[in-house]
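Everything below belongs to data_26.cif, which stores mmCIF, C-alpha atoms.
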data_coords
loop_
_atom_site.group_PDB
_atom_site.id
_atom_site.type_symbol
_atom_site.label_atom_id
_atom_site.label_comp_id
_atom_site.auth_asym_id
_atom_site.auth_seq_id
_atom_site.Cartn_x
_atom_site.Cartn_y
_atom_site.Cartn_z
ATOM 1 C CA MET A 204 12.925 -50.390 54.506
ATOM 2 C CA SER A 205 15.954 -51.167 52.367
ATOM 3 C CA TYR A 206 18.269 -54.155 51.978
ATOM 4 C CA PHE A 207 21.954 -54.854 51.853
ATOM 5 C CA PHE A 208 24.027 -57.909 50.974
ATOM 6 C CA ASN A 209 26.236 -60.006 53.171
ATOM 7 C CA PRO A 210 29.562 -59.985 51.235
ATOM 8 C CA SER A 211 29.278 -63.651 50.170
ATOM 9 C CA ALA A 212 25.668 -63.143 49.049
ATOM 10 C CA ARG A 213 26.755 -60.179 46.893
ATOM 11 C CA VAL A 214 29.295 -62.441 45.163
ATOM 12 C CA GLU A 215 26.635 -65.151 44.613
ATOM 13 C CA HIS A 216 24.219 -62.557 43.223
ATOM 14 C CA LEU A 217 26.745 -61.144 40.752
ATOM 15 C CA GLU A 218 27.723 -64.674 39.667
ATOM 16 C CA HIS A 219 24.063 -65.464 38.928
ATOM 17 C CA VAL A 220 23.717 -62.296 36.849
ATOM 18 C CA ALA A 221 26.876 -63.106 34.865
ATOM 19 C CA TYR A 222 25.844 -66.730 34.342
ATOM 20 C CA TYR A 223 22.387 -65.866 33.010
ATOM 21 C CA GLU A 224 23.719 -63.122 30.779
ATOM 22 C CA SER A 225 26.309 -65.546 29.341
ATOM 23 C CA GLN A 226 23.536 -68.046 28.557
ATOM 24 C CA GLN A 227 21.329 -65.570 26.730
ATOM 25 C CA PRO A 228 21.661 -61.821 26.244
ATOM 26 C CA GLY A 229 19.093 -60.062 28.421
ATOM 27 C CA LEU A 230 18.530 -63.010 30.739
ATOM 28 C CA GLY A 231 20.827 -61.490 33.363
ATOM 29 C CA ALA A 232 18.654 -58.368 33.305
ATOM 30 C CA ARG A 233 15.539 -60.531 33.712
ATOM 31 C CA TYR A 234 17.120 -62.201 36.735
ATOM 32 C CA LEU A 235 17.953 -58.772 38.190
ATOM 33 C CA GLY A 236 14.367 -57.636 37.669
ATOM 34 C CA ALA A 237 12.984 -60.752 39.352
ATOM 35 C CA PHE A 238 15.426 -60.394 42.245
ATOM 36 C CA ASP A 239 14.575 -56.700 42.707
ATOM 37 C CA ALA A 240 10.841 -57.490 42.653
ATOM 38 C CA ALA A 241 11.402 -60.207 45.256
ATOM 39 C CA MET A 242 13.292 -57.820 47.509
ATOM 40 C CA VAL A 243 10.560 -55.180 47.172
ATOM 41 C CA ARG A 244 8.084 -57.748 48.499
ATOM 42 C CA VAL A 245 10.428 -58.809 51.291
ATOM 43 C CA CYS A 246 11.086 -55.196 52.331
ATOM 44 C CA GLU A 247 7.365 -54.377 52.316
ATOM 45 C CA ALA A 248 6.590 -57.080 54.876
ATOM 46 C CA PRO A 249 9.660 -59.054 55.977
ATOM 47 C CA HIS A 250 7.768 -60.955 58.685
ATOM 48 C CA ARG A 251 5.204 -62.236 56.163
ATOM 49 C CA TYR A 252 7.499 -65.148 55.306
ATOM 50 C CA ARG A 253 8.118 -67.929 57.794
ATOM 51 C CA VAL A 254 11.302 -68.414 59.755
ATOM 52 C CA GLU A 255 13.289 -71.084 57.952
ATOM 53 C CA PHE A 256 16.214 -71.255 60.377
ATOM 54 C CA PRO A 257 15.706 -70.034 63.946
ATOM 55 C CA PRO A 258 15.930 -67.582 65.413
ATOM 56 C CA ASN A 259 15.271 -65.139 62.554
ATOM 57 C CA ILE A 260 16.387 -66.317 59.114
ATOM 58 C CA ARG A 261 13.561 -66.288 56.579
ATOM 59 C CA ARG A 262 13.293 -67.510 52.988
ATOM 60 C CA TYR A 263 11.750 -66.078 49.833
ATOM 61 C CA ARG A 264 11.898 -67.668 46.381
ATOM 62 C CA VAL A 265 12.985 -65.568 43.382
ATOM 63 C CA PRO A 266 10.026 -65.875 40.983
ATOM 64 C CA GLY A 267 10.923 -67.446 37.654
ATOM 65 C CA PHE A 268 14.421 -68.506 38.781
ATOM 66 C CA PRO A 269 15.611 -71.484 40.826
ATOM 67 C CA TYR A 270 16.907 -69.522 43.803
ATOM 68 C CA ASN A 271 15.906 -68.897 47.378
ATOM 69 C CA ILE A 272 16.859 -65.725 49.178
ATOM 70 C CA LEU A 273 17.671 -66.253 52.839
ATOM 71 C CA TYR A 274 17.442 -63.013 54.755
ATOM 72 C CA ARG A 275 17.012 -61.509 58.183
ATOM 73 C CA GLN A 276 15.961 -58.169 59.535
ATOM 74 C CA VAL A 277 18.800 -56.139 61.037
ATOM 75 C CA GLY A 278 17.420 -53.024 62.678
ATOM 76 C CA ALA A 279 15.353 -51.225 60.061
ATOM 77 C CA ASP A 280 16.980 -53.032 57.120
ATOM 78 C CA ILE A 281 17.069 -56.467 55.525
ATOM 79 C CA GLU A 282 20.337 -58.372 55.192
ATOM 80 C CA VAL A 283 20.496 -60.802 52.263
ATOM 81 C CA LEU A 284 22.485 -63.744 53.624
ATOM 82 C CA VAL A 285 22.376 -66.414 50.911
ATOM 83 C CA ILE A 286 21.040 -66.740 47.359
ATOM 84 C CA ALA A 287 21.048 -70.440 46.500
ATOM 85 C CA ALA A 288 19.183 -73.243 44.770
ATOM 86 C CA PRO A 289 16.464 -74.846 46.911
ATOM 87 C CA SER A 290 17.732 -78.342 46.096
ATOM 88 C CA SER A 291 20.279 -78.167 48.903
ATOM 89 C CA PRO A 292 18.452 -77.418 52.190
ATOM 90 C CA GLU A 293 21.346 -78.745 54.314
ATOM 91 C CA LEU A 294 23.770 -76.453 52.499
ATOM 92 C CA LEU A 295 21.414 -73.519 52.950
ATOM 93 C CA ALA A 296 21.144 -74.257 56.657
ATOM 94 C CA ARG A 297 24.927 -74.508 57.075
ATOM 95 C CA GLN A 298 25.500 -71.270 55.142
ATOM 96 C CA ALA A 299 22.828 -69.401 57.073
ATOM 97 C CA LEU A 300 24.061 -70.594 60.463
ATOM 98 C CA THR A 301 27.694 -69.842 59.580
ATOM 99 C CA ILE A 302 26.809 -66.329 58.482
ATOM 100 C CA GLN A 303 24.738 -65.798 61.608
ATOM 101 C CA ALA A 304 27.650 -66.941 63.815
ATOM 102 C CA GLU A 305 30.091 -64.677 61.933
ATOM 103 C CA ALA A 306 27.772 -61.706 62.438
ATOM 104 C CA ARG A 307 27.472 -62.498 66.142
ATOM 105 C CA ASP A 308 31.275 -62.746 66.419
ATOM 106 C CA ARG A 309 31.719 -59.385 64.625
ATOM 107 C CA ARG A 310 29.160 -57.780 66.905
ATOM 108 C CA ASP A 311 30.786 -59.244 70.025
ATOM 109 C CA SER A 312 34.299 -58.216 68.962
ATOM 110 C CA SER A 313 33.177 -54.658 68.209
ATOM 111 C CA MET A 314 31.769 -54.179 71.697
ATOM 112 C CA PRO A 315 34.217 -52.372 73.960
ATOM 113 C CA SER A 316 35.430 -54.356 76.913
ATOM 114 C CA VAL A 317 34.880 -52.885 80.346
ATOM 115 C CA ALA A 318 38.030 -52.911 82.448
ATOM 116 C CA GLY A 319 37.563 -54.260 85.930
ATOM 117 C CA ALA A 320 34.109 -55.679 85.206
ATOM 118 C CA ALA A 321 33.364 -58.868 87.067
#
Please render this file's structure as structure tokens.
Amino acid sequence: MSYFFNPSARVEHLEHVAYYESQQPGLGARYLGAFDAAMVRVCEAPHRYRVEFPPNIRRYRVPGFPYNILYRQVGADIEVLVIAAPSSPELLARQALTIQAEARDRRDSSMPSVAGAA
């Protein structure tokens, strides 16, 4: 199983790397290593971690850094939805639900309409 980023999560992730590297040389690389290790664990057993926001958004904490990864399984892959500090559970919930709704809207708009269907 592999993972991919929701576009906003990719931006968050790259901002975290840049921030840590600006604070101390090598710290951005340590963050990347911790994030990669976290995603290895998530990809090994994505259902091991409890559903944080129904119906299928789960959470995993990045070890050694103050971030939670919110993710969901999409087919055979994992989609990283949000990477944020755990101090804002309401914000995490809003972000996760917004992303889930956007994905549903994209999926619905990509489905061909059937002419004459009742």
key: Matched chain/residue IDs from the PyMOL selection byres ((chain A and resi 247-257) around 12), as a VMD selection string   = chain A and resid 204 to 206 240 to 246 258 to 264 271 to 284 292 to 293 295 to 303
task = Let me know the residues the PyMOL selection byres ((chain A and resi 266) around 8) catches in the file above, as a PyMOL selection string.
result = chain A and resi 237-238+241+264-265+267-269
Keeping only C-alpha atoms, take the residues you just selected and write them out as a PDB file, in the frame of the given file.
ATOM      1  CA  ALA A 237      12.984 -60.752  39.352  1.00  0.00           C
ATOM      2  CA  PHE A 238      15.426 -60.394  42.245  1.00  0.00           C
ATOM      3  CA  ALA A 241      11.402 -60.207  45.256  1.00  0.00           C
ATOM      4  CA  ARG A 264      11.898 -67.668  46.381  1.00  0.00           C
ATOM      5  CA  VAL A 265      12.985 -65.568  43.382  1.00  0.00           C
ATOM      6  CA  GLY A 267      10.923 -67.446  37.654  1.00  0.00           C
ATOM      7  CA  PHE A 268      14.421 -68.506  38.781  1.00  0.00           C
ATOM      8  CA  PRO A 269      15.611 -71.484  40.826  1.00  0.00           C
TER       9      PRO A 269
END
request  = Could you list the residues chosen by the PyMOL selection byres ((chain A and resi 231) around 12) in this structure as a PyMOL selection string?
outcome  = chain A and resi 216-230+232-238+268
Mind working out the centre and edge lengths of an axis-aligned box for range 204-222 of chain A, all listed atoms inside, 3 Å added to each side, rounded to one decimal in Å and written as AutoDock Vina command-line options?
--center_x 21.2 --center_y -58.6 --center_z 44.4 --size_x 22.6 --size_y 22.3 --size_z 26.2
